[in-house]
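K.L.:
Next up is a structure, given as C-alpha cells.
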Amino acid sequence: MKNVHLAPEVDEDDLYSGYNDYNPTFDTEDLENDPAFQRAVKTSHGRRPPLTAKVPGTSISRPLATGYGDGVARPMTAVQAAGYTKAASRGSAFDPLGQARGPAPPLEIKNEESPEGKIKQLEKKVNELVEESCIAHSCGDLKLALEKAKDAGRKERALVRQREQTMSPANINLDLTYTVLFNLASQYSANEMYAEALNTYQVIVKNKMFVNGGMLKVNMANIYLKQRNYSKAIKFYRMALDQIPSVHKEMRIKIMQNIGVAFVKTGQYTDAISSFEHIMSTLPNLKAGFNLILCYFATGDREQMKKAFHKLISVPLEIDDDDKYISAGDDPHTNLLIEAIKNDSLRQMERERKSTAERYIMTAAKLIAPAIETSFAVGYDWCVEVVKASQYVELANDLEINKAITYLRQKDFNQAVETLKMFEKKDSRVKSAAATNLSFLYFLENEFKQANSYADLAVNVDRYNPSALTNKGNTIFANGDYEKAAEFYKEALRNDSSCTEALYNIGLTYKKLNRLDEALDSFLKLHAILRNSAQVLFQIANMYELMEDPNQAIEWLMQLISVVPTDSHALAKLGELYDNEGDKSQAFQYYYESYRYFPSNIEVIEWLGAYYIDTQFCEKAIHYFERAALIQPTQVKWQLMVASCYRRSGNYQKALDTYKAIHRKFPENAECLRFLVRLCTDMGLKEVQEYATKLKRLEKLKEIREQNDHISINSVKRVKSGRDGSARARREGSAGGDPGSVTVKGERLSAKLKSLPGTNEPYESSVNKEIDASYIDPLGPQIERPKTALRKKIDEDEFADEELGDDLLPE
C-alpha cells in the first residue's frame, strides 16, 4: 500500500477546489515496479495468446476460464482492456466521458414509405381524430364529434388490415381499437342514436380480448334507462355489478343507486328500498337517503320514514367548519392565506354540498311532515326537534317558517301569522325573515298599516335584507309616495343587484312618475336576467306604446306571444296596435285569436262585430253581438245591434221579432220603438199605430223630464243669485239699511233652499259642485243608437216613402 497514493482531503465547502492539482495515482511511468498492477496484468487479458488471422466462416475456441501462473482457476474477467495504454503521456487531458471524440453521427433517416412508416403515420392520424372528436364533444358540437369518431373508426379498420398484411396479427394495437370503438359508442349515445351506440358497445363487450369491456355494460344500462326499458336496464346493471371487483366500492355504490332508481321507475318500491338500504349501510350519501325516504313515503310506512329521515341527517358532509375561514389573529400572512381560500373552488364546492344537503333535508321534512303524524303541524314539530339535535341546527328555524307557509297554502292566515310572530324574540336573521313574511301577508290583505310596521321591523333588524326593503317600498308605493318608494327599491338593489322584485317594482314606480326612459331601462335590465318572463316583456311593450313607438311595441308583443301564445290580452293588444296602424287584416287575425282563447272579452267582441259590419258581412256579426248580449243581458245596445244586423241583411221578419223582444224587455227604449214604427209601416202591419202612440207618449214623457231638469237648473241659478243678493243686502244693512227687509229676504232664501234637494249639505259646497242636468232612467242609462258600421254608409233610405209625422221619425 505504500505505492498507493490516496487523494488528499479537500474542504467540502469548496466545490471547485483540487481540480488543478496533480494526482500521482494517474502516473503511468512506474507501473512496471507496481506489484499490484503486475498481478492484474497476469490475468486472462494479460495471458491472452497473440492474435492470428481468422478464416472466414470459422470460429476459434477459447477457454472459458483462466488461472494464475500456479494453475489455480479464477473467475472470468473482462474480455476487453480497460483502456490504459503505455503510450499515454503524463500531460494528456482527463476525458472520462469521451467528449474529445466529437459529436455523435446523425441518426439514420427513417424511410416513411416503408410499411412500418405508413402504419405509424396512420396510427398517429387515428389518435388525432379521436382527440378532435373528444374536443368537439366538450365544446358542445356533437355532430362534428360524431363525424370525427366515424372517420377514426374507418381509419382504424384500414390500419388493422394493413397490419395483418405486413406483420403477424399479434402485433395489432388493441388499446387503440378499444379507444376508437368506445369513443364512437359515446358519440352515438350523445347524439341520441341509441341503437347504433348499443351495437357498438356490444362489439366491445363480446370481444374477450378487451379486458375491461364488461364495465361498459353500465353504459348500455344507462341507454336502456333513457329509453325507459327499465327491465333491461336493471339486467345490465346487475351484469356490470357482477364483473366489477369489490375493491371499486364507489363504483358499485353508484350502480346500486341506478338499480334503485330503475326499480322506482317501475313502481317496485320494495326492491328499490333494498338497494337504497344497502347503500345507506355501506357508504351513505344524501341522494340515496332522500330516495329511501321517497320510497317509504310511497309505501306509507310512517316508522320507516322517521328512521330514513334520521339516516339522512346523519350523512357526513366531510366539509370544514366555517370557523376555519375566520381570522383569529393579526398575522398578515395568515390573513392573506384565509382571504385567498375564502372563495376558492374548494370552498365553493363545500358551499354547494352544504346547500344540497339542506335542500334535501328541507324537501324531505316538508314531504313527510303531514304523513308521519295525525296533522302536519305535529309532524313539522317532530322534524324540527330531530333537526335541532343534528348538525343542521340552523335549519330548524327555516322549517318553522315553512310551517307558516304551509298554513298559508291551506288558507289558514291566522295560524300562519301566529307562527311567524313566534320569531320576534329570536335571533336577528330569523326575526328579519319572519317579519318580512308577515309584512307581505298583511300587504296581500290590504292592511298597509300592519304591513308597514312589520316592514320597518324587518329593516331595523337587518338593514341589508333586500326582501324587507322591497316590502317597505311596496307599502309606501301603495300610499302613493312613489319617490320615496323608489329610494327603498334602489337601496334593495344596492344590497342585492339580483333582486328581481325590486327591479320590477322600481320600473313600475318610474312608470307612475312618467319617467318612461328610466322605467324602460329598468325593464330591459330585468329582461337580461329573466329572459322569458311574460310580465317583463309586456311591460317593455307597454313602455314603447306609451313612448309612441308602435313598431317596437309590436315587436316585443310578438316575443311575448311566443312565450305565452294563449294570452288573450296580449293578442288583443297586438290587434289594437295593428288597428291603430291601419292594418285591418292583421288586426282581425289577432282579435280573432284573442276571441278564440277568451270569448268573453266585450271589447274584442265589439271590434269583431264592427269589423264584419264594415266589410258588409252582417250575418257573421250577429254571432258576436248575440255573445255580447249573453254576457251583458241588461245592456240593450247589444240586442239592438243584433236586430240592426238582421235589418241590414234584409231579414226584416227576424229583425221585427227581435225588436219586439227588445221592446218587451225594455218598454221605455225610444230607439227600439222608432225602428218598430218604421218596420211595421214598411211591412204594412197593423201594429204601427200602437207603437206610434207609445213612441209619442214616451217622447212627451221625455220632454217633461227635460223641462224638470231645466227648472232644476234655473232654481240653482236663482239660489246663486239669491246668495249674491243676500250678501249685497247684508252689506247695505250694515251700512245703515232697513233691517226688516234683510230679514224678509233671508226667510225667502231659506224657504227656497228647503224646496231644493240636497240642502242638508253645507251651503258653501254647492258653489263648487258641477250640476248634473241629465235624467237617470231607473231602468238604466239612455242608450245611444247602436253603431252599425265603422263609417257612415251613404245610400237611399229604406223608409223614404214612409208617410209619418216628423215627430215619429228618428233623430
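We name chains A, B, ... following the order of the C-alpha cells; residues begin at 1 in each chain, and ligands are numbered from 1 as shown.
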Any idea what's packed within 8 Å of range 556-566 of chain A, counting only C-alpha atoms, ignoring anything in its chain fewer than 3 positions away? Could you give it as a ChimeraX atom specification?

P.N.:
/A:532,534,537-538,540-541,552-553,570-571,574,594,597

K.L.:
List the spatial neighbours of range 546-551 of chain A as a VMD selection string - criterion: any atom at most 9 Å away, only C-alpha atoms, same-chain residues fewer than 5 positions off excluded.

P.N.:
chain A and resid 516 to 517 541 556 577 to 578 580 to 581

K.L.:
Considering only helix (DSSP H, G or I) as DSSP defines it on the backbone, what residues of range 110-168 of chain A qualify? List them as a ChimeraX atom specification.

P.N.:
/A:115-138,142-166

K.L.:
For Arg596 in chain A, which residue among A:Asp344, A:Asp567, A:Asp579, A:Asp456 is the nearest when counting only C-alpha atoms?

P.N.:
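Going through A:Asp344, A:Asp567, A:Asp579, A:Asp456 one by one, the smallest distance to Arg596 in chain A is for A:Asp567.
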
K.L.:
Measure the distance from CA of Glu250 in chain A to CA of Val180 in chain A in Å and round it to one decimal.

P.N.:
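Going from CA of Glu250 in chain A over to CA of Val180 in chain A covers 26.8 Å.
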
K.L.:
Excluding Val264 in chain A and any residue of its chain fewer than 2 positions from it, enumerate the residues within 10 Å of it, using only C-alpha atoms, and give them as a ChimeraX atom specification.

P.N.:
/A:230,258-262,266-273,291,294-295,298

K.L.:
I'd like the neighbourhood of range 481-487 of chain A as a PyMOL selection string, where a residue qualifies if any of its atoms comes within 12 Å (using only C-alpha atoms), though same-chain residues fewer than 2 positions away should be ignored.

P.N.:
chain A and resi 469-479+489-494+502-515+518-519+522

K.L.:
Any chance you can output those residues with N, CA, C and O atoms as a short mmCIF file (atom, residue, chain, number, x, y, z; two decimals), in the first residue's frame?

P.N.:
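Produced file out-v5.cif, reproduced below:
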data_model
loop_
_atom_site.label_atom_id
_atom_site.label_comp_id
_atom_site.auth_asym_id
_atom_site.auth_seq_id
_atom_site.Cartn_x
_atom_site.Cartn_y
_atom_site.Cartn_z
N LEU A 469 -86.53 45.48 2.44
CA LEU A 469 -86.54 46.81 1.81
C LEU A 469 -87.58 46.88 0.69
O LEU A 469 -88.25 47.90 0.50
N THR A 470 -87.73 45.79 -0.06
CA THR A 470 -88.74 45.76 -1.12
C THR A 470 -90.14 45.85 -0.55
O THR A 470 -91.00 46.58 -1.07
N ASN A 471 -90.39 45.13 0.55
CA ASN A 471 -91.71 45.22 1.19
C ASN A 471 -91.99 46.62 1.72
O ASN A 471 -93.12 47.11 1.63
N LYS A 472 -90.97 47.25 2.28
CA LYS A 472 -91.13 48.63 2.76
C LYS A 472 -91.47 49.55 1.59
O LYS A 472 -92.36 50.41 1.69
N GLY A 473 -90.78 49.38 0.49
CA GLY A 473 -91.11 50.18 -0.69
C GLY A 473 -92.51 49.91 -1.20
O GLY A 473 -93.21 50.83 -1.67
N ASN A 474 -92.98 48.66 -1.10
CA ASN A 474 -94.33 48.33 -1.55
C ASN A 474 -95.40 49.05 -0.74
O ASN A 474 -96.40 49.55 -1.28
N THR A 475 -95.21 49.09 0.59
CA THR A 475 -96.19 49.79 1.43
C THR A 475 -96.22 51.28 1.12
O THR A 475 -97.29 51.90 1.10
N ILE A 476 -95.06 51.85 0.86
CA ILE A 476 -95.03 53.29 0.52
C ILE A 476 -95.62 53.51 -0.86
O ILE A 476 -96.33 54.51 -1.11
N PHE A 477 -95.37 52.59 -1.78
CA PHE A 477 -95.95 52.68 -3.13
C PHE A 477 -97.48 52.65 -3.05
O PHE A 477 -98.17 53.39 -3.76
N ALA A 478 -98.02 51.78 -2.17
CA ALA A 478 -99.48 51.69 -2.04
C ALA A 478 -100.07 52.98 -1.49
O ALA A 478 -101.23 53.31 -1.78
N ASN A 479 -99.28 53.73 -0.71
CA ASN A 479 -99.77 55.02 -0.18
C ASN A 479 -99.59 56.16 -1.16
O ASN A 479 -100.00 57.29 -0.86
N TYR A 489 -86.44 50.88 -3.14
CA TYR A 489 -86.11 49.89 -4.17
C TYR A 489 -84.65 50.02 -4.60
O TYR A 489 -83.97 49.00 -4.82
N LYS A 490 -84.16 51.24 -4.68
CA LYS A 490 -82.76 51.43 -5.05
C LYS A 490 -81.82 50.85 -3.98
O LYS A 490 -80.79 50.25 -4.29
N GLU A 491 -82.19 51.06 -2.71
CA GLU A 491 -81.36 50.52 -1.63
C GLU A 491 -81.35 48.99 -1.66
O GLU A 491 -80.32 48.35 -1.42
N ALA A 492 -82.50 48.39 -1.96
CA ALA A 492 -82.56 46.94 -2.08
C ALA A 492 -81.66 46.44 -3.20
O ALA A 492 -80.98 45.42 -3.07
N LEU A 493 -81.63 47.17 -4.30
CA LEU A 493 -80.78 46.78 -5.43
C LEU A 493 -79.30 46.99 -5.10
O LEU A 493 -78.45 46.24 -5.59
N ARG A 494 -78.98 47.99 -4.30
CA ARG A 494 -77.59 48.17 -3.90
C ARG A 494 -77.12 47.01 -3.01
O ARG A 494 -75.97 46.59 -3.09
N ALA A 502 -87.36 43.96 -6.66
CA ALA A 502 -87.09 45.39 -6.51
C ALA A 502 -86.90 46.05 -7.88
O ALA A 502 -87.37 47.17 -8.12
N LEU A 503 -86.23 45.36 -8.79
CA LEU A 503 -86.00 45.93 -10.11
C LEU A 503 -87.31 46.09 -10.89
O LEU A 503 -87.53 47.10 -11.57
N TYR A 504 -88.21 45.13 -10.75
CA TYR A 504 -89.51 45.22 -11.43
C TYR A 504 -90.35 46.35 -10.81
O TYR A 504 -90.97 47.14 -11.53
N ASN A 505 -90.35 46.43 -9.48
CA ASN A 505 -91.16 47.45 -8.82
C ASN A 505 -90.64 48.86 -9.09
O ASN A 505 -91.44 49.81 -9.18
N ILE A 506 -89.32 49.01 -9.21
CA ILE A 506 -88.81 50.36 -9.49
C ILE A 506 -89.18 50.77 -10.91
O ILE A 506 -89.41 51.94 -11.20
N GLY A 507 -89.29 49.79 -11.81
CA GLY A 507 -89.78 50.11 -13.15
C GLY A 507 -91.22 50.60 -13.12
O GLY A 507 -91.59 51.58 -13.79
N LEU A 508 -92.06 49.93 -12.31
CA LEU A 508 -93.45 50.39 -12.17
C LEU A 508 -93.52 51.76 -11.53
O LEU A 508 -94.39 52.60 -11.88
N THR A 509 -92.60 52.02 -10.59
CA THR A 509 -92.59 53.33 -9.92
C THR A 509 -92.24 54.43 -10.92
O THR A 509 -92.89 55.49 -10.96
N TYR A 510 -91.21 54.22 -11.72
CA TYR A 510 -90.86 55.21 -12.74
C TYR A 510 -91.99 55.40 -13.75
O TYR A 510 -92.21 56.50 -14.26
N LYS A 511 -92.72 54.34 -14.01
CA LYS A 511 -93.86 54.44 -14.92
C LYS A 511 -94.94 55.33 -14.33
O LYS A 511 -95.54 56.15 -15.04
N LYS A 512 -95.18 55.19 -13.02
CA LYS A 512 -96.15 56.06 -12.35
C LYS A 512 -95.69 57.51 -12.35
O LYS A 512 -96.51 58.43 -12.44
N LEU A 513 -94.38 57.71 -12.21
CA LEU A 513 -93.83 59.07 -12.20
C LEU A 513 -93.66 59.64 -13.59
O LEU A 513 -93.13 60.75 -13.74
N ASN A 514 -94.07 58.87 -14.62
CA ASN A 514 -93.97 59.30 -16.01
C ASN A 514 -92.51 59.50 -16.45
O ASN A 514 -92.24 60.26 -17.38
N ARG A 515 -91.60 58.80 -15.82
CA ARG A 515 -90.18 58.80 -16.23
C ARG A 515 -89.99 57.54 -17.07
O ARG A 515 -89.44 56.53 -16.62
N GLU A 518 -86.37 55.91 -17.82
CA GLU A 518 -85.80 55.16 -16.71
C GLU A 518 -86.58 53.87 -16.46
O GLU A 518 -85.99 52.83 -16.11
N ALA A 519 -87.90 53.92 -16.63
CA ALA A 519 -88.70 52.71 -16.47
C ALA A 519 -88.31 51.67 -17.52
O ALA A 519 -88.15 50.48 -17.21
N SER A 522 -85.04 50.03 -16.65
CA SER A 522 -85.18 49.04 -15.58
C SER A 522 -85.73 47.73 -16.12
O SER A 522 -85.24 46.64 -15.80
#

K.L.:
What gap, in Å, lies between CA of Leu520 in chain A and CA of Lys573 in chain A?

P.N.:
18.6 Å

K.L.:
Using only C-alpha atoms for the distances, tell me which of A:Gln227, A:Gln187, A:Gln616, A:Asn127 is nearest to Asn173 in chain A.

P.N.:
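Using only C-alpha atoms, Asn173 in chain A sits closest to A:Asn127.
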
K.L.:
State, in Å with one decimal place, the distance from CA of Phe423 in chain A to CA of Asp398 in chain A.

P.N.:
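Straight-line distance from CA of Phe423 in chain A to CA of Asp398 in chain A works out to 10.8 Å.
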